[in-house]
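Shown below: work.pdb, with PDB, C-alpha atoms.
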ATOM      1  CA  MET P   1       3.599 -10.821 -10.796
ATOM      2  CA  ASN P   2       1.714  -7.827 -12.123
ATOM      3  CA  CYS P   3       4.778  -5.577 -12.161
ATOM      4  CA  GLY P   4       6.273  -6.959 -15.351
ATOM      5  CA  PRO P   5       8.918  -9.469 -16.359
ATOM      6  CA  GLY P   6      12.626  -9.059 -15.839
ATOM      7  CA  LEU P   7      12.522  -6.732 -12.843
ATOM      8  CA  THR P   8      15.249  -7.331 -10.297
ATOM      9  CA  THR P   9      14.213  -7.584  -6.682
ATOM     10  CA  PRO P  10      16.520  -7.311  -3.670
ATOM     11  CA  THR P  11      16.223  -9.712  -0.759
ATOM     12  CA  LEU P  12      13.058  -8.817   1.134
ATOM     13  CA  ARG P  13      12.055  -9.742   4.678
ATOM     14  CA  GLY P  14       8.673  -8.121   5.275
ATOM     15  CA  ILE P  15       6.922  -7.560   1.949
ATOM     16  CA  SER P  16       6.419  -9.401  -1.329
ATOM     17  CA  PRO P  17       8.322  -8.614  -4.549
ATOM     18  CA  GLU P  18       5.087  -7.254  -6.017
ATOM     19  CA  GLN P  19       4.662  -4.832  -3.108
ATOM     20  CA  TYR P  20       8.315  -3.810  -3.459
ATOM     21  CA  HIS P  21       7.882  -2.943  -7.148
ATOM     22  CA  SER P  22       4.617  -1.147  -6.405
ATOM     23  CA  PHE P  23       6.366   1.235  -4.055
ATOM     24  CA  ARG P  24       9.303   1.641  -6.430
ATOM     25  CA  SER P  25       6.786   2.802  -9.050
ATOM     26  CA  LEU P  26       5.346   5.286  -6.550
ATOM     27  CA  GLN P  27       8.848   6.548  -5.782
ATOM     28  CA  GLU P  28       9.265   7.528  -9.416
ATOM     29  CA  VAL P  29       6.183   9.757  -9.117
ATOM     30  CA  PHE P  30       6.058  11.036  -5.537
ATOM     31  CA  LEU P  31       9.804  11.331  -4.900
ATOM     32  CA  GLN P  32      11.075  12.501  -8.296
ATOM     33  CA  ASP P  33      13.262  15.245  -6.837
ATOM     34  CA  ASN P  34      14.408  13.240  -3.828
ATOM     35  CA  PRO P  35      17.718  14.681  -2.557
ATOM     36  CA  ILE P  36      18.938  11.235  -1.378
ATOM     37  CA  PRO P  37      20.337   9.503  -4.488
ATOM     38  CA  ASN P  38      20.412   5.907  -3.192
ATOM     39  CA  PHE P  39      17.049   5.954  -1.435
ATOM     40  CA  ASP P  40      14.835   2.975  -2.295
ATOM     41  CA  LEU P  41      11.195   3.358  -1.261
ATOM     42  CA  GLY P  42      10.530  -0.370  -1.703
ATOM     43  CA  LEU P  43      13.361  -1.301   0.657
ATOM     44  CA  ALA P  44      12.282   1.402   3.118
ATOM     45  CA  LEU P  45       8.803  -0.158   3.181
ATOM     46  CA  ASP P  46      10.309  -3.617   3.653
ATOM     47  CA  ASN P  47      12.442  -2.399   6.561
ATOM     48  CA  TYR P  48       9.462  -0.640   8.120
ATOM     49  CA  VAL P  49       7.199  -3.694   7.935
ATOM     50  CA  TYR P  50       9.957  -6.108   8.980
ATOM     51  CA  GLY P  51      10.989  -3.916  11.914
ATOM     52  CA  HIS P  52       7.607  -4.024  13.635
ATOM     53  CA  PRO P  53       6.910  -6.622  16.322
ATOM     54  CA  TYR P  54       4.134  -9.085  15.536
ATOM     55  CA  PRO P  55       1.146  -8.990  15.587
ATOM     56  CA  ILE P  56       0.510  -5.450  14.398
ATOM     57  CA  GLU P  57      -2.560  -4.271  12.544
ATOM     58  CA  THR P  58      -0.626  -1.486  10.855
ATOM     59  CA  GLU P  59       1.469  -4.057   9.003
ATOM     60  CA  SER P  60      -1.514  -5.685   7.301
ATOM     61  CA  VAL P  61      -2.944  -2.269   6.356
ATOM     62  CA  ILE P  62       0.422  -1.148   4.933
ATOM     63  CA  GLN P  63       0.761  -4.373   2.959
ATOM     64  CA  LEU P  64      -2.768  -3.984   1.597
ATOM     65  CA  LEU P  65      -2.037  -0.417   0.497
ATOM     66  CA  ALA P  66       1.295  -1.510  -0.990
ATOM     67  CA  SER P  67      -0.540  -3.881  -3.302
ATOM     68  CA  VAL P  68      -2.846  -1.180  -4.755
ATOM     69  CA  PRO P  69      -0.485   0.078  -7.526
ATOM     70  CA  SER P  70       0.027  -3.430  -8.932
ATOM     71  CA  SER P  71      -3.536  -4.668  -8.453
ATOM     72  CA  ILE P  72      -5.640  -5.227 -11.553
ATOM     73  CA  LEU P  73      -8.704  -5.315  -9.281
ATOM     74  CA  ALA P  74      -7.838  -1.855  -7.899
ATOM     75  CA  ALA P  75      -7.276  -0.559 -11.438
ATOM     76  CA  MET P  76     -10.688  -1.835 -12.486
ATOM     77  CA  ALA P  77     -12.445  -0.480  -9.382
ATOM     78  CA  LEU P  78     -10.754   2.936  -9.308
ATOM     79  CA  ASP P  79     -10.022   3.609 -12.989
ATOM     80  CA  PHE P  80     -12.171   1.208 -15.044
ATOM     81  CA  SER P  81      -8.917  -0.084 -16.537
ATOM     82  CA  PHE P  82      -7.255  -3.484 -16.789
ATOM     83  CA  THR P  83      -3.799  -1.896 -16.512
ATOM     84  CA  PRO P  84      -2.419  -1.405 -12.993
ATOM     85  CA  ILE P  85      -0.354   1.699 -12.217
ATOM     86  CA  VAL P  86       2.981  -0.152 -12.144
ATOM     87  CA  LYS P  87       2.557  -1.247 -15.757
ATOM     88  CA  LEU P  88       1.974   2.283 -17.038
ATOM     89  CA  PRO P  89       4.756   4.420 -18.500
ATOM     90  CA  MET P  90       5.888   7.264 -16.231
ATOM     91  CA  GLU P  91       3.775   9.970 -17.915
ATOM     92  CA  LYS P  92       0.578   7.925 -17.734
ATOM     93  CA  ARG P  93       1.353   6.889 -14.158
ATOM     94  CA  ILE P  94       1.674  10.542 -13.157
ATOM     95  CA  LYS P  95      -1.534  11.403 -15.024
ATOM     96  CA  ARG P  96      -3.494   8.601 -13.343
ATOM     97  CA  LEU P  97      -2.269   9.517  -9.862
ATOM     98  CA  LEU P  98      -3.099  13.184 -10.471
ATOM     99  CA  GLU P  99      -6.577  12.095 -11.548
ATOM    100  CA  TRP P 100      -6.862  10.304  -8.197
ATOM    101  CA  LYS P 101      -5.677  13.441  -6.396
ATOM    102  CA  HIS P 102      -8.311  15.643  -8.040
ATOM    103  CA  SER P 103     -11.124  13.086  -8.240
ATOM    104  CA  SER P 104     -14.603  13.820  -6.969
ATOM    105  CA  LEU P 105     -14.590  10.292  -5.531
ATOM    106  CA  GLY P 106     -13.345  10.415  -1.947
ATOM    107  CA  LEU P 107     -11.926   6.882  -2.129
ATOM    108  CA  LYS P 108      -9.505   7.819  -4.914
ATOM    109  CA  ARG P 109      -8.394  10.990  -3.140
ATOM    110  CA  GLY P 110      -7.970   9.028   0.089
ATOM    111  CA  VAL P 111      -5.868   6.262  -1.451
ATOM    112  CA  TYR P 112      -3.717   8.867  -3.218
ATOM    113  CA  ALA P 113      -3.194  10.842   0.002
ATOM    114  CA  ILE P 114      -2.370   7.772   2.070
ATOM    115  CA  LEU P 115       0.114   6.365  -0.462
ATOM    116  CA  ARG P 116       1.793   9.765  -0.781
ATOM    117  CA  GLN P 117       1.959  10.246   2.999
ATOM    118  CA  ILE P 118       3.438   6.783   3.493
ATOM    119  CA  SER P 119       6.046   7.541   0.826
ATOM    120  CA  PHE P 120       7.100  10.794   2.510
ATOM    121  CA  PHE P 121       7.021   9.192   5.961
ATOM    122  CA  LEU P 122       9.376   6.440   4.785
ATOM    123  CA  LEU P 123      11.700   8.999   3.183
ATOM    124  CA  SER P 124      11.740  11.140   6.325
ATOM    125  CA  SER P 125      12.557   8.037   8.414
ATOM    126  CA  ASP P 126      15.712   7.367   6.387
ATOM    127  CA  LYS P 127      18.965   8.210   8.210
ATOM    128  CA  GLU P 128      20.506   9.829   5.112
ATOM    129  CA  TYR P 129      17.513  12.143   4.752
ATOM    130  CA  GLN P 130      17.675  13.035   8.446
ATOM    131  CA  LYS P 131      21.355  13.942   7.976
ATOM    132  CA  PHE P 132      20.491  15.945   4.864
ATOM    133  CA  VAL P 133      17.959  18.106   6.706
ATOM    134  CA  GLY P 134      20.207  18.446   9.765
ATOM    135  CA  TYR P 135      18.321  16.383  12.330
ATOM    136  CA  ILE P 136      21.273  14.125  13.006
ATOM    137  CA  GLN P 137      24.987  14.365  12.351
TER     138      GLN P 137
END
Take the structure in this file and express it as structure tokens.
Amino acid sequence: MNCGPGLTTPTLRGISPEQYHSFRSLQEVFLQDNPIPNFDLGLALDNYVYGHPYPIETESVIQLLASVPSSILAAMALDFSFTPIVKLPMEKRIKRLLEWKHSSLGLKRGVYAILRQISFFLLSSDKEYQKFVGYIQ
């Protein structure tokens, strides 16, 4: 697994452990000030993918995007680096994602925007967040 040794992984039903840790690494960047203390972006992704009826094209696209942060191939193609995002320390992870956000290359900006939007969508789908903002009681 490209995410590193010794990482604990909960029981997953819809995604791989590598995809789980990829989204956990994105949570540390995109959802730093998340008001829901126990929210787990990796588990939210797993629940989202697992909850869809099969076959669904969205699932394969989501799983492909979930593998980007831990992919050495994506790191080489997007950043000319052999180090995937999940293996970077927090400061360098933030710096690399901000470089994607402000890149002149549309592919980098697009991947950044999609991963960020998926992260916020999954957070906004969480029942605790919906209670926090007053949508449900």
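Using all atoms listed in the file for every distance, the candidate list P:Tyr129, P:Phe39, P:Tyr135, P:Phe30 yields P:Phe30 as the residue closest to Tyr112 (chain P).
Residue nearest Ala74 (chain P), chosen from P:Val86, P:Ala44, P:Ile136, P:Leu31 and counting all atoms listed in the file: P:Val86.
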> How many Å lie between CA of Ser22 (chain P) and CA of Ser67 (chain P), rounded to one decimal?
Replying inline: 6.6 Å
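When the PyMOL selection byres ((chain P and resi 117-121) around 9) is run on the displayed coordinates, the residues it returns are Phe23, Leu26, Gln27, Phe30, Leu31, Leu41, Leu45, Ile62, Tyr112, Ala113, Ile114, Leu115, Arg116, Leu122, Leu123, Ser124, Ser125 and Asp126 of chain P.
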>> Could you check the closest approach to Ser25 (chain P) for each of P:Leu12, P:Leu78, P:Gly51, P:Lys92 and tell me which residue wins, using all atoms listed in the file?
In response: P:Lys92
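Nearest residue to Val111 (chain P), choosing from P:Leu43, P:Pro69, P:Thr8, P:Phe82 and counting all atoms listed in the file: P:Pro69.
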> CA of Ala75 (chain P) to CA of Val29 (chain P): how many Å, to one decimal?
Replying inline: 17.1 Å
> Just how far from CA of Pro35 (chain P) is CA of Val133 (chain P), in Å to one decimal?
Replying inline: 9.9 Å
> Taking into account all atoms listed in the file, which residue in the set P:Met76, P:Leu88, P:Leu98, P:Ala66 is nearest to Pro17 (chain P)?
Replying inline: P:Ala66
List the neighbours of Arg109 (chain P) out to 10 Å using only C-alpha atoms; skip same-chain residues closer than 6 positions along the sequence, and give me the result as a compact mmCIF listing (two decimals) with C-alpha atoms, in the frame of the given file.
# COMPACT_ATOMS: atom_id res chain seq x y z
CA LEU P 97 -2.27 9.52 -9.86
CA LEU P 98 -3.10 13.18 -10.47
CA GLU P 99 -6.58 12.10 -11.55
CA TRP P 100 -6.86 10.30 -8.20
CA LYS P 101 -5.68 13.44 -6.40
CA HIS P 102 -8.31 15.64 -8.04
CA SER P 103 -11.12 13.09 -8.24
Which centre and which edge lengths, in Å to one decimal, describe the axis-aligned box that holds all listed atoms of region 56-73 of chain P after 3 Å is added on each side, as JSON?
{"center_x": -3.6, "center_y": -2.8, "center_z": 1.4, "size_x": 16.2, "size_y": 11.8, "size_z": 32.0}
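Among the candidates P:Ala77, P:Lys127, P:Leu64, P:Met90, the residue lying nearest to Leu107 (chain P) is P:Ala77 (atoms considered: only C-alpha atoms).
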> So what does the PyMOL selection byres ((chain P and resi 14) around 6) actually pick up in this one, as a PyMOL selection string?
Replying inline: chain P and resi 13+15+46+49-50
Can you write out the residues you just picked, keeping C-alpha atoms, as a PDB file, in the coordinates of the input?
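File produced: result-v9.pdb:
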ATOM      1  CA  ARG P  13      12.055  -9.742   4.678  1.00  0.00           C
ATOM      2  CA  ILE P  15       6.922  -7.560   1.949  1.00  0.00           C
ATOM      3  CA  ASP P  46      10.309  -3.617   3.653  1.00  0.00           C
ATOM      4  CA  VAL P  49       7.199  -3.694   7.935  1.00  0.00           C
ATOM      5  CA  TYR P  50       9.957  -6.108   8.980  1.00  0.00           C
TER       6      TYR P  50
END
> Using all atoms listed in the file, which residues sit within 8 Å of Ile72 (chain P) once same-chain residues fewer than 5 positions away are excluded, as an MDAnalysis selection string?
Replying inline: chainID P and resid 2 81:84
